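Asker: Have a look at this one before I ask anything.
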Amino acid sequence: MINNILITSVGQRVTLTEIFQKTAKDLGLDAKVYTTDMDPTMAPAGYISDKCFQVSKCTDSGYVDDLITICKDNDIHLIIPTIDTELAVLAENKSRFTEDGIHVMVSDIDFIRTCRDKRRIATFLAKLGIQTPKPADKYHPVFPMFAKPYDGSLSTNLHVIRNADELTPEILNDPKLIFMEYIDKNEFKEFTVDMYYGKDHYVKGIVPRERLKIRAGEINKGITRKNGIVGFLKQRMSYLPGVIGCICIQLFYRESDAKIFGIEINPRFGGGYPLSYYAKANFADYMLREYVLHESVGYSDDWLDNTLMLRYDKDVIVYDK
């Protein structure tokens with residue numbers, strides 16, 4: 001049986017596409033890695049994949065039908081979503097894909113909705129025993145404080161407010177902004193932690209990545225760290241009902257006393273996941289073993305500490321035919 005793979009909204013995710021291509025080959029699978037994008041001609045990763053299909057916006061009424069048709073026509077049995085906006089759509093329609101033998105690597109809709117709303121994720125993390133920054137009263141502020149959209153992504157519309165002059169009317173009256181205490185980056189280091197959850201909803205891998213430099217909300221320079229974060233999260237997040245596949249949790253970590261503040265969870269592959277892959281935490285391997293080869297996957301911390309990733313721009317050149 002052919003088990004081809006589809007990475008949706010692929011855009012610039014060249015490395016993620018190559019990871020699945022290499023992993024499938026290493027496992028001896030006769031599988032193609034297809035992709036989708038709203039404009040395949042402008043998607044670098046689309047040229048790297050075996051074929052890139054044009055699709056509409058994920059919020060359009062025909063999006064799910066189009067994906068199912070693409071999967072049926074091309075023997076695709078595994079879908080890997082990559083952007084926040086499509087997760088709820090796919091989670092809500094997961095049963096439709098399952099009926100046709102298609103696995104969508106997305107967690108249950110309740111978890112997706114919780115992750116998409118930063119007001120709800122704070123409550124979720126607190127129930128797990130993970131402290132989050134204290135909410136701040138914008139009308140009786142204590143400076144410095146921090147503001148961000150409750151449904152934001154890509155690190156946009158973020159505000160560090162150090163005094164009353166910086167608390168502008170635009171910030172104060174923005175209905176989407178939530179306010180909280182500011183976590184001093186001189187004391188705390190910022191981490192994204194890649195975690196993989198199996199079919200049984202138990203965690204199989206935990207890889208903290210220190211964010212040394214960020215560009216457009218995504219790690220530009222980073223390094224893996226086998227530190228206290230691993231045990232802390234394994235104790236509190238070992239089992240999450242309804243959660244499957246790759247998620248990434250953002251947090252702050254103070255080395256002197258192992259103090260941790262949880263910030264948010266992205267229930268998908270993060271843009272910086274390739275660092276964990278290069279450190280030998282191959283979540284694509286876990287995924288293909290579980291959903292294509294139907295093997296069980298156990299927990300592993302056999303990945304490389306202090307693996308440094310320094311990113312740079314690379315070109316995809318397309319010549320006129």
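Note on naming: chains are A, B, ... as they come in the structure tokens, residues start from 1 per chain, ligands start from 1 in the order shown.
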Write out as a ChimeraX atom specification each polymer residue whose atoms come within 6 Å of stretch 31-45 of chain A, counting only C-alpha atoms; drop sequence neighbours fewer than 2 positions from it.
Answerer: /A:3-14,29,47-56
Asker: List every residue of stretch 17-172 of chain A that DSSP, applied to the backbone of this structure, assigns to helix (DSSP H, G or I), and report them as a PyMOL selection string.
Answerer: chain A and resi 17-26+40-42+44-48+63-73+84-92+94-99+109-116+118-127+164-166+169-172
Asker: With the cut-off set at 9 Å and counting only C-alpha atoms, tabulate each residue of stretch 88-109 of chain A with an atom at most that distance from an atom of stretch 65-68 of chain A, showing the nearest atom pair and its distance in Å to one decimal, ordered by chain and increasing number, as JSON lines.
Answerer:
```
{"residue": "A:Arg96", "atom": "CA", "partner": "A:Ile68", "partner_atom": "CA", "distance": 8.4}
{"residue": "A:Phe97", "atom": "CA", "partner": "A:Ile68", "partner_atom": "CA", "distance": 6.8}
{"residue": "A:Asp100", "atom": "CA", "partner": "A:Ile68", "partner_atom": "CA", "distance": 8.2}
{"residue": "A:Ile102", "atom": "CA", "partner": "A:Ile68", "partner_atom": "CA", "distance": 8.4}
```
Asker: What does the distance from atom CA of A:Lys22 to atom CA of A:Pro267 come to in Å, to one decimal?
Answerer: 23.5 Å
Asker: Apply DSSP to the backbone of this structure and, from stretch 110-162 of chain A, keep only the residues in strand (DSSP E or B); write these as a PyMOL selection string.
Answerer: chain A and resi 135+145-149+159-161
Asker: With the cut-off set at 12 Å and counting only C-alpha atoms, tabulate each residue of stretch 26-135 of chain A with an atom at most that distance from an atom of stretch 183-195 of chain A, showing the nearest atom pair and its distance in Å to one decimal, ordered by chain and increasing number, as a tab-separated table.
Answerer:
```
residue	atom	partner	partner_atom	distance
A:Thr132	CA	A:Ile183	CA	10.0
A:Pro133	CA	A:Ile183	CA	7.4
A:Lys134	CA	A:Ile183	CA	9.9
A:Pro135	CA	A:Ile183	CA	11.9
```
Asker: Fewer than 3 positions away in the same chain doesn't count, so skip those; otherwise give me all residues within 10 Å of stretch 298-305 of chain A, counting only C-alpha atoms, as a ChimeraX atom specification.
Answerer: /A:196-198,202-209,223-227,230,238,276-282,286,295,308
